[in-house]
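Peer 1: What follows is the file entry.cif, containing mmCIF, C-alpha atoms:
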```
data_coords
#
loop_
_atom_site.label_atom_id
_atom_site.label_comp_id
_atom_site.auth_asym_id
_atom_site.auth_seq_id
_atom_site.Cartn_x
_atom_site.Cartn_y
_atom_site.Cartn_z
CA MET R 1 27.52 16.26 -36.47
CA ARG R 2 30.49 17.58 -38.48
CA GLU R 3 28.39 17.60 -41.66
CA LEU R 4 25.61 19.53 -39.87
CA ARG R 5 28.12 22.11 -38.62
CA TYR R 6 29.60 22.48 -42.12
CA PHE R 7 26.12 22.92 -43.61
CA HIS R 8 25.27 25.60 -41.03
CA GLU R 9 28.51 27.55 -41.61
CA ASN R 10 28.22 27.22 -45.37
CA SER R 11 24.60 28.40 -45.42
CA LYS R 12 25.53 31.36 -43.24
CA ARG R 13 28.38 32.29 -45.60
CA LEU R 14 26.06 32.07 -48.63
CA TYR R 15 23.46 34.12 -46.80
CA MET R 16 25.97 36.88 -46.03
CA GLU R 17 27.33 36.89 -49.59
CA ARG R 18 23.84 37.16 -51.04
CA LEU R 19 22.91 39.89 -48.57
CA TYR R 20 25.90 42.13 -49.36
CA LYS R 21 25.55 41.65 -53.10
CA LEU R 22 22.01 43.08 -53.09
CA LYS R 23 21.68 46.53 -54.59
CA TYR R 24 19.94 48.81 -52.12
CA SER R 25 18.64 52.22 -53.11
CA CYS R 26 20.53 54.10 -50.38
CA SER R 27 22.99 56.00 -52.51
CA TRP R 28 21.41 59.20 -51.18
CA LEU R 29 22.97 58.40 -47.82
CA LEU R 30 26.67 58.37 -48.75
CA THR R 31 28.57 57.54 -51.89
CA THR R 32 32.16 56.34 -52.23
CA GLU R 33 33.26 59.85 -53.16
CA ASP R 34 31.47 61.24 -50.10
CA VAL R 35 33.26 58.87 -47.74
CA LEU R 36 36.64 59.64 -49.28
CA GLU R 37 35.97 63.35 -48.85
CA ILE R 38 34.97 62.81 -45.21
CA LEU R 39 38.14 60.82 -44.54
CA GLN R 40 40.26 63.48 -46.18
CA LYS R 41 38.79 66.12 -43.84
CA HIS R 42 38.45 64.18 -40.59
CA ALA R 43 40.72 61.12 -40.79
CA MET R 44 43.76 61.72 -42.98
CA GLY R 45 45.43 58.48 -41.87
CA LEU R 46 42.48 56.42 -43.10
CA TYR R 47 42.39 58.46 -46.31
CA HIS R 48 46.02 57.57 -47.11
CA LYS R 49 45.34 53.90 -46.36
CA ALA R 50 42.34 54.02 -48.69
CA LYS R 51 44.44 55.49 -51.49
CA ASN R 52 47.18 52.90 -50.96
CA ARG R 53 44.69 50.01 -50.58
CA GLN R 54 46.19 49.07 -47.22
CA ARG R 55 44.61 46.76 -44.66
CA LEU R 56 42.97 48.21 -41.57
CA ASN R 57 43.64 47.16 -38.01
CA ASN R 58 41.00 47.03 -35.28
CA CYS R 59 41.50 50.66 -34.24
CA ASP R 60 41.24 51.82 -37.85
CA GLN R 61 37.99 49.90 -38.33
CA SER R 62 36.46 51.42 -35.21
CA LYS R 63 37.57 54.92 -36.18
CA LEU R 64 36.19 54.47 -39.70
CA SER R 65 32.80 53.39 -38.33
CA ARG R 66 32.65 56.26 -35.85
CA THR R 67 33.63 58.81 -38.50
CA ILE R 68 30.96 57.68 -40.95
CA ILE R 69 28.16 57.42 -38.38
CA SER R 70 29.06 60.75 -36.76
CA TYR R 71 28.94 62.49 -40.13
CA ILE R 72 25.53 61.02 -41.01
CA LEU R 73 23.88 61.69 -37.64
CA SER R 74 25.53 65.04 -36.92
CA THR R 75 22.58 66.96 -38.41
CA ASN R 76 19.85 64.64 -37.15
CA TYR R 77 20.65 62.10 -34.46
CA LYS R 78 17.10 60.68 -34.71
CA LEU R 79 17.69 59.48 -38.27
CA LYS R 80 17.01 55.75 -38.35
CA LEU R 81 19.51 53.59 -40.18
CA GLY R 82 17.90 50.26 -40.95
CA ARG R 83 19.33 47.14 -42.52
CA ASP R 84 19.31 48.59 -46.03
CA ALA R 85 21.23 51.70 -44.99
CA LEU R 86 23.85 49.80 -42.97
CA VAL R 87 24.36 47.25 -45.75
CA HIS R 88 24.81 50.10 -48.23
CA LEU R 89 27.47 51.65 -45.96
CA CYS R 90 29.20 48.27 -45.80
CA SER R 91 29.26 48.09 -49.61
CA VAL R 92 30.78 51.59 -49.74
CA ILE R 93 33.47 50.55 -47.27
CA MET R 94 34.18 47.43 -49.34
CA GLU R 95 34.73 49.55 -52.44
CA ILE R 96 37.24 51.77 -50.63
CA PHE R 97 38.89 49.01 -48.59
CA PRO R 98 38.52 45.80 -50.64
CA HIS R 99 40.37 43.69 -48.05
CA GLU R 100 37.75 44.35 -45.38
CA ASN R 101 35.20 41.78 -44.25
CA PRO R 102 31.62 43.16 -44.34
CA GLU R 103 30.67 41.11 -41.27
CA THR R 104 33.11 43.22 -39.27
CA TYR R 105 30.91 46.26 -39.84
CA TYR R 106 27.41 44.87 -39.90
CA THR R 107 25.76 41.49 -39.44
CA PRO R 108 21.94 41.42 -39.41
CA SER R 109 20.07 39.50 -36.77
CA GLN R 110 19.60 35.81 -37.58
CA ASP R 111 19.30 32.46 -35.83
CA GLY R 112 18.27 34.22 -32.62
CA LYS R 113 21.39 36.41 -32.60
CA MET R 114 21.10 40.19 -32.40
CA CYS R 115 22.55 42.66 -34.89
CA ARG R 116 26.23 43.36 -34.41
CA GLY R 117 29.20 44.95 -36.09
CA LYS R 118 31.24 48.11 -35.72
CA LEU R 119 28.90 50.27 -37.80
CA TYR R 120 25.88 49.07 -35.85
CA ASN R 121 27.59 49.57 -32.49
CA SER R 122 28.74 53.08 -33.44
CA TYR R 123 25.22 53.92 -34.59
CA GLN R 124 23.63 52.75 -31.34
CA HIS R 125 26.25 54.46 -29.19
CA TYR R 126 25.94 57.77 -31.04
CA ARG R 127 22.14 57.80 -30.77
CA TYR R 128 22.25 56.91 -27.07
CA THR R 129 24.79 59.65 -26.29
CA ALA R 130 23.03 62.26 -28.42
CA SER R 131 19.58 61.52 -27.00
CA LYS R 132 20.94 61.64 -23.45
CA TYR R 133 22.57 65.01 -24.12
CA ALA R 134 19.40 66.30 -25.80
CA ALA R 135 17.28 65.31 -22.80
CA GLU R 136 19.73 66.98 -20.41
CA LEU R 137 19.81 70.06 -22.64
CA GLU R 138 16.01 70.25 -22.70
CA THR R 139 15.88 70.01 -18.92
CA ARG R 140 18.60 72.64 -18.55
CA ASN R 141 16.83 74.99 -20.97
CA THR R 142 13.56 74.57 -19.07
CA LEU R 143 15.32 75.38 -15.81
CA ASN R 144 16.99 78.41 -17.40
CA ILE R 145 13.53 79.65 -18.35
CA LEU R 146 11.98 78.93 -14.96
CA MET R 147 14.83 80.17 -12.77
CA PRO R 148 14.35 83.86 -13.67
CA TYR R 149 10.75 83.47 -12.52
CA MET R 150 12.09 83.05 -9.00
CA PHE R 151 12.08 86.81 -9.22
CA MET R 152 12.93 87.76 -5.66
CA ASP R 153 13.91 86.38 -2.32
CA ALA R 154 10.77 86.08 -0.25
CA ARG R 155 12.70 87.30 2.79
CA SER R 156 13.87 90.53 1.14
CA ASN R 157 12.16 93.79 0.32
CA GLU R 158 13.80 94.16 -3.08
CA PRO R 159 11.48 94.78 -6.04
CA PRO R 160 10.92 91.89 -8.48
CA ILE R 161 13.36 91.50 -11.34
CA LYS R 162 11.78 92.32 -14.67
CA ILE R 163 11.84 89.33 -17.00
CA ARG R 164 11.00 88.87 -20.63
CA TYR R 165 8.24 86.29 -20.21
CA ASP R 166 5.25 86.33 -17.88
CA PHE R 167 5.02 83.10 -15.89
CA ALA R 168 2.83 84.50 -13.15
CA GLY R 169 -0.37 83.19 -14.74
CA PRO R 170 0.47 79.48 -14.99
CA PHE R 171 2.76 78.95 -12.02
CA ASN R 172 1.44 81.30 -9.37
CA LYS R 173 -1.67 79.14 -9.35
CA LEU R 174 0.53 76.24 -8.34
CA LEU R 175 2.65 77.68 -5.54
CA THR R 176 4.52 80.93 -5.11
CA LEU R 177 7.79 81.37 -3.31
CA ASN R 178 6.12 83.29 -0.48
CA GLU R 179 3.49 80.58 -0.08
CA PHE R 180 6.22 77.95 0.05
CA LEU R 181 8.08 79.91 2.71
CA ASN R 182 4.92 80.36 4.78
CA LEU R 183 4.17 76.66 4.44
CA LEU R 184 7.55 75.80 5.92
CA LYS R 185 7.06 78.35 8.69
CA GLU R 186 3.70 76.87 9.69
CA LYS R 187 4.23 73.12 9.25
CA ALA R 188 8.00 72.55 9.20
CA TYR R 189 9.69 75.24 11.23
CA PHE R 190 12.93 73.27 11.44
CA LEU R 191 13.18 73.42 7.63
CA TYR R 192 12.29 77.09 7.75
CA GLU R 193 15.25 77.67 10.06
CA LYS R 194 17.55 75.62 7.83
CA SER R 195 16.54 77.76 4.86
CA HIS R 196 17.95 80.77 6.74
CA GLN R 197 21.07 78.93 7.88
CA ASN R 198 21.92 77.75 4.35
CA VAL R 199 22.76 74.20 5.49
CA ALA R 200 22.53 70.99 3.49
CA LEU R 201 19.42 68.85 3.91
CA GLU R 202 19.67 65.29 5.10
CA ASN R 203 17.74 62.48 3.42
CA ARG R 204 14.95 62.55 6.01
CA ASP R 205 14.68 66.32 5.63
CA GLN R 206 14.34 65.94 1.87
CA ASN R 207 11.64 63.29 2.28
CA PHE R 208 9.71 65.44 4.74
CA LEU R 209 9.96 68.45 2.43
CA VAL R 210 8.68 66.46 -0.56
CA ARG R 211 5.77 65.01 1.43
CA LEU R 212 4.85 68.48 2.63
CA LEU R 213 4.87 69.91 -0.90
CA ILE R 214 2.87 67.10 -2.50
CA GLU R 215 0.28 66.96 0.27
CA HIS R 216 -0.19 70.72 0.10
CA LEU R 217 -0.81 70.57 -3.66
CA LEU R 218 -3.21 67.63 -3.36
CA ASP R 219 -5.11 69.45 -0.64
CA LYS R 220 -5.61 72.33 -3.06
CA ASP R 221 -6.70 70.06 -5.91
CA VAL R 222 -6.95 66.30 -5.48
CA GLU R 223 -7.04 65.71 -9.25
CA ILE R 224 -3.97 67.78 -10.01
CA GLU R 225 -1.35 66.27 -12.33
CA LEU R 226 2.28 67.27 -12.21
CA GLY R 227 3.96 67.38 -15.60
CA LYS R 228 7.61 67.83 -16.40
CA LYS R 229 7.66 71.64 -16.25
CA SER R 230 5.63 71.62 -13.05
CA LEU R 231 8.07 69.30 -11.29
CA LEU R 232 10.99 71.37 -12.52
CA TYR R 233 9.25 74.47 -11.20
CA LEU R 234 8.83 72.85 -7.78
CA PHE R 235 12.53 72.11 -7.79
CA THR R 236 13.28 75.78 -8.48
CA LEU R 237 11.32 76.63 -5.33
CA ILE R 238 13.38 74.16 -3.33
CA LYS R 239 16.61 75.36 -4.94
CA ARG R 240 15.80 78.98 -4.08
CA LEU R 241 15.51 78.27 -0.35
CA PHE R 242 18.04 75.44 -0.22
CA PRO R 243 20.82 76.25 -2.75
CA GLY R 244 22.76 73.06 -2.01
CA GLU R 245 20.04 70.75 -3.32
CA LYS R 246 20.53 68.92 -6.63
CA LEU R 247 18.01 68.31 -9.38
CA GLU R 248 18.65 64.56 -9.65
CA THR R 249 17.52 64.13 -6.03
CA TYR R 250 14.04 65.46 -6.77
CA TYR R 251 13.34 64.88 -10.45
CA VAL R 252 15.05 63.07 -13.34
CA PRO R 253 13.06 62.94 -16.61
CA SER R 254 12.83 59.68 -18.52
CA MET R 255 15.43 59.11 -21.24
CA ASN R 256 16.72 56.16 -23.26
CA ARG R 257 14.18 53.73 -21.79
CA ARG R 258 15.15 54.78 -18.27
CA PRO R 259 11.99 55.62 -16.32
CA THR R 260 11.34 58.93 -14.62
CA SER R 261 12.67 59.09 -11.07
CA GLY R 262 13.23 61.47 -8.17
CA LYS R 263 11.65 62.11 -4.78
CA LEU R 264 9.04 64.58 -6.07
CA TYR R 265 7.92 62.31 -8.89
CA LYS R 266 7.83 59.12 -6.82
CA ARG R 267 5.94 60.73 -3.95
CA PHE R 268 3.34 62.17 -6.29
CA GLN R 269 2.87 58.86 -8.13
CA ASN R 270 2.51 56.89 -4.88
CA ARG R 271 -0.05 59.31 -3.48
CA ARG R 272 -1.99 59.27 -6.73
CA LEU R 273 -2.12 55.46 -6.68
CA GLU R 274 -3.47 55.57 -3.13
CA LEU R 275 -6.16 58.06 -4.14
CA LYS R 276 -7.13 55.91 -7.12
CA LYS R 277 -7.37 52.85 -4.90
CA HIS R 278 -9.79 54.65 -2.60
CA GLY R 279 -11.82 55.95 -5.52
CA LEU R 280 -11.08 59.60 -4.80
CA ILE R 281 -9.80 60.29 -8.32
CA ARG R 282 -10.55 58.81 -11.73
CA GLY R 283 -7.99 56.72 -13.55
CA SER R 284 -7.09 58.77 -16.59
CA ASN R 285 -9.37 61.80 -16.43
CA PHE R 286 -6.85 64.25 -14.96
CA HIS R 287 -6.53 67.82 -16.09
CA MET R 288 -3.02 68.99 -16.87
CA LEU R 289 -1.34 71.22 -14.38
CA TYR R 290 -1.17 74.94 -14.97
CA GLY R 291 1.38 75.90 -17.55
CA ASP R 292 2.28 72.44 -18.90
CA LYS R 293 0.45 73.18 -22.13
CA GLN R 294 2.02 76.59 -22.50
CA ASN R 295 4.58 77.35 -25.20
CA PHE R 296 7.66 78.94 -23.64
#
```
Is it possible to express this structure as structure tokens?
Peer 2:
Amino acid sequence: MRELRYFHENSKRLYMERLYKLKYSCSWLLTTEDVLEILQKHAMGLYHKAKNRQRLNNCDQSKLSRTIISYILSTNYKLKLGRDALVHLCSVIMEIFPHENPETYYTPSQDGKMCRGKLYNSYQHYRYTASKYAAELETRNTLNILMPYMFMDARSNEPPIKIRYDFAGPFNKLLTLNEFLNLLKEKAYFLYEKSHQNVALENRDQNFLVRLLIEHLLDKDVEIELGKKSLLYLFTLIKRLFPGEKLETYYVPSMNRRPTSGKLYKRFQNRRLELKKHGLIRGSNFHMLYGDKQNF
């Protein structure tokens, strides 16, 4: 048993030594001079330790990994760093800090174990954070475009606000603010009153409002499909009459392997599954909702 353990550890050590001695053609990524210049600008403490050939503690190793990964992905967070690239970065670190262990920064997957190391963890964390921010930014930008389209309060006599883009074509076919207000007045008068009182909606009120909206749209067109911009537009209608409502209650786009969620999305998907089950709509032959193919 001891001999088997020694053989396993020895083979792993030889494997790692052979791996890090390979010459990968990733010098375009970062050279030793590049890393030293980055440290001189963004991490002077690490730069002095590199010049004095000092050992790094755990905090220094983490900071070094974050600094390198942040510099590489700052211009393009979608850049994929595979095994070759991460091994090349390890070799650069070893040239600057010869006392460092390459396994601290990157260990490829083997023997059923996943990739690990400070460089790999920093890479994954940076991409996750950047993609999450990008998705939130895209949603916010879409809302900033759609919000001005809520051009006037349906209860006022003020003229519409002039806006730069014309959204009347795509989204008026879906539902206008006046139509939404009339819908509440006819089929949910208690919500119509709450829209005038500017009070917060309870969970059951939110559910009733979502059911009312989705059923109204399906009555107009049973094969309608609600895309991202369409669901965001519906939220702007709700937000206009009920200012206290939050986006995450009604629609949250998918990001980082997290599925799409929200009351509007879930209600629409459930109703569409019911219609498919009864053969009222075809499986994948939907036409896209007005405006989802438009370039804003």
Peer 1: Convert the output of the PyMOL selection byres ((chain R and resi 82) around 12) on the shown file into explicit residues, formatted as a PyMOL selection string.
Peer 2: chain R and resi 24+26+29+79-81+83-89+106-109+115+119-120+123-124
Peer 1: For R:Lys229, which residue out of R:Lys49, R:Leu280, R:Leu174, R:Asn270 is the nearest one, using only C-alpha atoms?
Peer 2: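 The shortest atom-to-atom distance to R:Lys229 comes from R:Leu174.
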Peer 1: Run the PyMOL selection byres ((chain R and resi 39) around 12) mentally over the shown coordinates, then write out the matched residues as a PyMOL selection string, using the chain letters and numbers from the document.
Peer 2: chain R and resi 32-38+40-51+60+63-68+70-71+93+96
Peer 1: Could you check which of R:Arg127, R:Lys246, R:Arg240, R:Phe235 is closest to R:Tyr265, using all atoms listed in the file?
Peer 2: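 So, comparing all the options, the nearest one is R:Phe235.
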Peer 1: Using the chain letters and numbers from this file, what does the PyMOL selection byres ((chain R and resi 244) around 12) select? Give the answer as a list of chain:residue names.
Peer 2: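 Answer for the PyMOL selection byres ((chain R and resi 244) around 12): R:Lys194, R:Ser195, R:Gln197, R:Asn198, R:Val199, R:Ala200, R:Leu201, R:Glu202, R:Gln206, R:Phe235, R:Thr236, R:Ile238, R:Lys239, R:Arg240, R:Leu241, R:Phe242, R:Pro243, R:Glu245, R:Lys246, R:Leu247, R:Thr249.
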Peer 1: Take atom CA of R:Ala130 and atom CA of R:Ile72 and report the distance between them in Å, one decimal.
Peer 2: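 Between these atoms lies a distance of 12.9 Å.
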Peer 1: Write out as a list in words which residues come within 8 Å of stretch 254-263 of chain R when counting only C-alpha atoms, dropping same-chain ones fewer than 3 positions away.
Peer 2: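 So, after excluding close chain neighbours, the residues are Tyr128, Ser131, Lys132, Ala135, Asn207, Val210, Glu248, Thr249, Tyr250, Tyr251, Lys266 and Arg267 of chain R.
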Peer 1: State, in Å with one decimal place, the distance from atom CA of R:Glu225 to atom CA of R:Phe268.
Peer 2: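 Result for atom CA of R:Glu225 versus atom CA of R:Phe268: 8.7 Å, one decimal.
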Peer 1: Kindly give the distance, in Å, that separates atom CA of R:Leu30 and atom CA of R:Ser74, rounded to a single decimal.
Peer 2: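 If I compute the distance from atom CA of R:Leu30 to atom CA of R:Ser74, I get 13.6 Å.
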Peer 1: List as a ChimeraX atom specification the protein and nucleic acid residues near stretch 180-184 of chain R, meaning an atom at most 12 Å away when all atoms listed in the file are counted, but skip any in the same chain fewer than 2 places from it.
Peer 2: /R:150,153-155,172,174-178,186-196,205,208-217,234-242
Peer 1: Could those residues be written to a file, using C-alpha atoms, as a PDB file, in the coordinates of the input?
Peer 2:
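Result went into result-v1.pdb, see below:
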```
ATOM      1  CA  MET R 150      12.090  83.050  -9.000  1.00  0.00           C
ATOM      2  CA  ASP R 153      13.910  86.380  -2.320  1.00  0.00           C
ATOM      3  CA  ALA R 154      10.770  86.080  -0.250  1.00  0.00           C
ATOM      4  CA  ARG R 155      12.700  87.300   2.790  1.00  0.00           C
ATOM      5  CA  ASN R 172       1.440  81.300  -9.370  1.00  0.00           C
ATOM      6  CA  LEU R 174       0.530  76.240  -8.340  1.00  0.00           C
ATOM      7  CA  LEU R 175       2.650  77.680  -5.540  1.00  0.00           C
ATOM      8  CA  THR R 176       4.520  80.930  -5.110  1.00  0.00           C
ATOM      9  CA  LEU R 177       7.790  81.370  -3.310  1.00  0.00           C
ATOM     10  CA  ASN R 178       6.120  83.290  -0.480  1.00  0.00           C
ATOM     11  CA  GLU R 186       3.700  76.870   9.690  1.00  0.00           C
ATOM     12  CA  LYS R 187       4.230  73.120   9.250  1.00  0.00           C
ATOM     13  CA  ALA R 188       8.000  72.550   9.200  1.00  0.00           C
ATOM     14  CA  TYR R 189       9.690  75.240  11.230  1.00  0.00           C
ATOM     15  CA  PHE R 190      12.930  73.270  11.440  1.00  0.00           C
ATOM     16  CA  LEU R 191      13.180  73.420   7.630  1.00  0.00           C
ATOM     17  CA  TYR R 192      12.290  77.090   7.750  1.00  0.00           C
ATOM     18  CA  GLU R 193      15.250  77.670  10.060  1.00  0.00           C
ATOM     19  CA  LYS R 194      17.550  75.620   7.830  1.00  0.00           C
ATOM     20  CA  SER R 195      16.540  77.760   4.860  1.00  0.00           C
ATOM     21  CA  HIS R 196      17.950  80.770   6.740  1.00  0.00           C
ATOM     22  CA  ASP R 205      14.680  66.320   5.630  1.00  0.00           C
ATOM     23  CA  PHE R 208       9.710  65.440   4.740  1.00  0.00           C
ATOM     24  CA  LEU R 209       9.960  68.450   2.430  1.00  0.00           C
ATOM     25  CA  VAL R 210       8.680  66.460  -0.560  1.00  0.00           C
ATOM     26  CA  ARG R 211       5.770  65.010   1.430  1.00  0.00           C
ATOM     27  CA  LEU R 212       4.850  68.480   2.630  1.00  0.00           C
ATOM     28  CA  LEU R 213       4.870  69.910  -0.900  1.00  0.00           C
ATOM     29  CA  ILE R 214       2.870  67.100  -2.500  1.00  0.00           C
ATOM     30  CA  GLU R 215       0.280  66.960   0.270  1.00  0.00           C
ATOM     31  CA  HIS R 216      -0.190  70.720   0.100  1.00  0.00           C
ATOM     32  CA  LEU R 217      -0.810  70.570  -3.660  1.00  0.00           C
ATOM     33  CA  LEU R 234       8.830  72.850  -7.780  1.00  0.00           C
ATOM     34  CA  PHE R 235      12.530  72.110  -7.790  1.00  0.00           C
ATOM     35  CA  THR R 236      13.280  75.780  -8.480  1.00  0.00           C
ATOM     36  CA  LEU R 237      11.320  76.630  -5.330  1.00  0.00           C
ATOM     37  CA  ILE R 238      13.380  74.160  -3.330  1.00  0.00           C
ATOM     38  CA  LYS R 239      16.610  75.360  -4.940  1.00  0.00           C
ATOM     39  CA  ARG R 240      15.800  78.980  -4.080  1.00  0.00           C
ATOM     40  CA  LEU R 241      15.510  78.270  -0.350  1.00  0.00           C
ATOM     41  CA  PHE R 242      18.040  75.440  -0.220  1.00  0.00           C
TER      42      PHE R 242
END
```
Peer 1: May I ask you to restore all heavy atoms in stretch 51-60 of chain R and write the result as a PDB file, in the frame of the given file?
Peer 2:
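This is the output file part_7.pdb:
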```pdb
ATOM      1  N   LYS R  51      43.788  55.230 -50.210  1.00  0.00           N
ATOM      2  CA  LYS R  51      44.440  55.490 -51.490  1.00  0.00           C
ATOM      3  C   LYS R  51      45.493  54.416 -51.813  1.00  0.00           C
ATOM      4  O   LYS R  51      45.690  54.045 -52.976  1.00  0.00           O
ATOM      5  CB  LYS R  51      45.107  56.867 -51.469  1.00  0.00           C
ATOM      6  CG  LYS R  51      44.128  58.025 -51.550  1.00  0.00           C
ATOM      7  CD  LYS R  51      43.343  58.002 -52.862  1.00  0.00           C
ATOM      8  CE  LYS R  51      42.425  59.185 -53.009  1.00  0.00           C
ATOM      9  NZ  LYS R  51      41.654  59.129 -54.286  1.00  0.00           N
ATOM     10  N   ASN R  52      46.128  53.911 -50.762  1.00  0.00           N
ATOM     11  CA  ASN R  52      47.180  52.900 -50.960  1.00  0.00           C
ATOM     12  C   ASN R  52      46.655  51.474 -50.856  1.00  0.00           C
ATOM     13  O   ASN R  52      47.447  50.513 -50.914  1.00  0.00           O
ATOM     14  CB  ASN R  52      48.302  53.102 -49.932  1.00  0.00           C
ATOM     15  CG  ASN R  52      48.984  54.448 -50.082  1.00  0.00           C
ATOM     16  OD1 ASN R  52      49.117  54.969 -51.197  1.00  0.00           O
ATOM     17  ND2 ASN R  52      49.407  55.030 -48.958  1.00  0.00           N
ATOM     18  N   ARG R  53      45.323  51.332 -50.672  1.00  0.00           N
ATOM     19  CA  ARG R  53      44.690  50.010 -50.580  1.00  0.00           C
ATOM     20  C   ARG R  53      45.299  49.166 -49.465  1.00  0.00           C
ATOM     21  O   ARG R  53      45.552  47.963 -49.625  1.00  0.00           O
ATOM     22  CB  ARG R  53      44.815  49.256 -51.906  1.00  0.00           C
ATOM     23  CG  ARG R  53      44.165  49.960 -53.084  1.00  0.00           C
ATOM     24  CD  ARG R  53      42.656  49.881 -52.988  1.00  0.00           C
ATOM     25  NE  ARG R  53      41.992  50.566 -54.089  1.00  0.00           N
ATOM     26  CZ  ARG R  53      40.694  50.495 -54.333  1.00  0.00           C
ATOM     27  NH1 ARG R  53      39.933  49.761 -53.553  1.00  0.00           N
ATOM     28  NH2 ARG R  53      40.155  51.156 -55.320  1.00  0.00           N
ATOM     29  N   GLN R  54      45.585  49.781 -48.341  1.00  0.00           N
ATOM     30  CA  GLN R  54      46.190  49.070 -47.220  1.00  0.00           C
ATOM     31  C   GLN R  54      45.116  48.417 -46.352  1.00  0.00           C
ATOM     32  O   GLN R  54      43.950  48.829 -46.346  1.00  0.00           O
ATOM     33  CB  GLN R  54      47.026  50.042 -46.370  1.00  0.00           C
ATOM     34  CG  GLN R  54      48.209  50.649 -47.098  1.00  0.00           C
ATOM     35  CD  GLN R  54      48.985  51.600 -46.214  1.00  0.00           C
ATOM     36  OE1 GLN R  54      48.706  51.743 -45.031  1.00  0.00           O
ATOM     37  NE2 GLN R  54      49.976  52.258 -46.791  1.00  0.00           N
ATOM     38  N   ARG R  55      45.516  47.426 -45.591  1.00  0.00           N
ATOM     39  CA  ARG R  55      44.610  46.760 -44.660  1.00  0.00           C
ATOM     40  C   ARG R  55      44.420  47.618 -43.407  1.00  0.00           C
ATOM     41  O   ARG R  55      45.327  48.359 -43.016  1.00  0.00           O
ATOM     42  CB  ARG R  55      45.134  45.378 -44.274  1.00  0.00           C
ATOM     43  CG  ARG R  55      45.177  44.400 -45.436  1.00  0.00           C
ATOM     44  CD  ARG R  55      45.678  43.042 -44.988  1.00  0.00           C
ATOM     45  NE  ARG R  55      45.717  42.091 -46.086  1.00  0.00           N
ATOM     46  CZ  ARG R  55      44.679  41.342 -46.463  1.00  0.00           C
ATOM     47  NH1 ARG R  55      43.532  41.423 -45.791  1.00  0.00           N
ATOM     48  NH2 ARG R  55      44.800  40.494 -47.481  1.00  0.00           N
ATOM     49  N   LEU R  56      43.284  47.456 -42.775  1.00  0.00           N
ATOM     50  CA  LEU R  56      42.970  48.210 -41.570  1.00  0.00           C
ATOM     51  C   LEU R  56      43.095  47.318 -40.350  1.00  0.00           C
ATOM     52  O   LEU R  56      42.710  46.146 -40.379  1.00  0.00           O
ATOM     53  CB  LEU R  56      41.542  48.767 -41.640  1.00  0.00           C
ATOM     54  CG  LEU R  56      41.208  49.702 -42.802  1.00  0.00           C
ATOM     55  CD1 LEU R  56      39.756  50.188 -42.694  1.00  0.00           C
ATOM     56  CD2 LEU R  56      42.154  50.898 -42.847  1.00  0.00           C
ATOM     57  N   ASN R  57      43.618  47.898 -39.275  1.00  0.00           N
ATOM     58  CA  ASN R  57      43.640  47.160 -38.010  1.00  0.00           C
ATOM     59  C   ASN R  57      42.346  47.454 -37.248  1.00  0.00           C
ATOM     60  O   ASN R  57      41.464  48.184 -37.719  1.00  0.00           O
ATOM     61  CB  ASN R  57      44.875  47.527 -37.177  1.00  0.00           C
ATOM     62  CG  ASN R  57      44.970  49.028 -36.922  1.00  0.00           C
ATOM     63  OD1 ASN R  57      43.963  49.715 -36.763  1.00  0.00           O
ATOM     64  ND2 ASN R  57      46.190  49.540 -36.898  1.00  0.00           N
ATOM     65  N   ASN R  58      42.232  46.897 -36.062  1.00  0.00           N
ATOM     66  CA  ASN R  58      41.000  47.030 -35.280  1.00  0.00           C
ATOM     67  C   ASN R  58      40.688  48.487 -34.953  1.00  0.00           C
ATOM     68  O   ASN R  58      39.534  48.928 -35.044  1.00  0.00           O
ATOM     69  CB  ASN R  58      41.111  46.202 -33.993  1.00  0.00           C
ATOM     70  CG  ASN R  58      39.830  46.248 -33.181  1.00  0.00           C
ATOM     71  OD1 ASN R  58      38.763  45.850 -33.644  1.00  0.00           O
ATOM     72  ND2 ASN R  58      39.935  46.735 -31.946  1.00  0.00           N
ATOM     73  N   CYS R  59      41.714  49.245 -34.575  1.00  0.00           N
ATOM     74  CA  CYS R  59      41.500  50.660 -34.240  1.00  0.00           C
ATOM     75  C   CYS R  59      41.051  51.458 -35.463  1.00  0.00           C
ATOM     76  O   CYS R  59      40.168  52.323 -35.359  1.00  0.00           O
ATOM     77  CB  CYS R  59      42.780  51.268 -33.666  1.00  0.00           C
ATOM     78  SG  CYS R  59      43.271  50.591 -32.075  1.00  0.00           S
ATOM     79  N   ASP R  60      41.627  51.154 -36.612  1.00  0.00           N
ATOM     80  CA  ASP R  60      41.240  51.820 -37.850  1.00  0.00           C
ATOM     81  C   ASP R  60      39.780  51.525 -38.192  1.00  0.00           C
ATOM     82  O   ASP R  60      39.029  52.411 -38.616  1.00  0.00           O
ATOM     83  CB  ASP R  60      42.139  51.393 -39.008  1.00  0.00           C
ATOM     84  CG  ASP R  60      43.569  51.869 -38.841  1.00  0.00           C
ATOM     85  OD1 ASP R  60      43.775  52.890 -38.160  1.00  0.00           O
ATOM     86  OD2 ASP R  60      44.476  51.210 -39.386  1.00  0.00           O
TER      87      ASP R  60
END
```
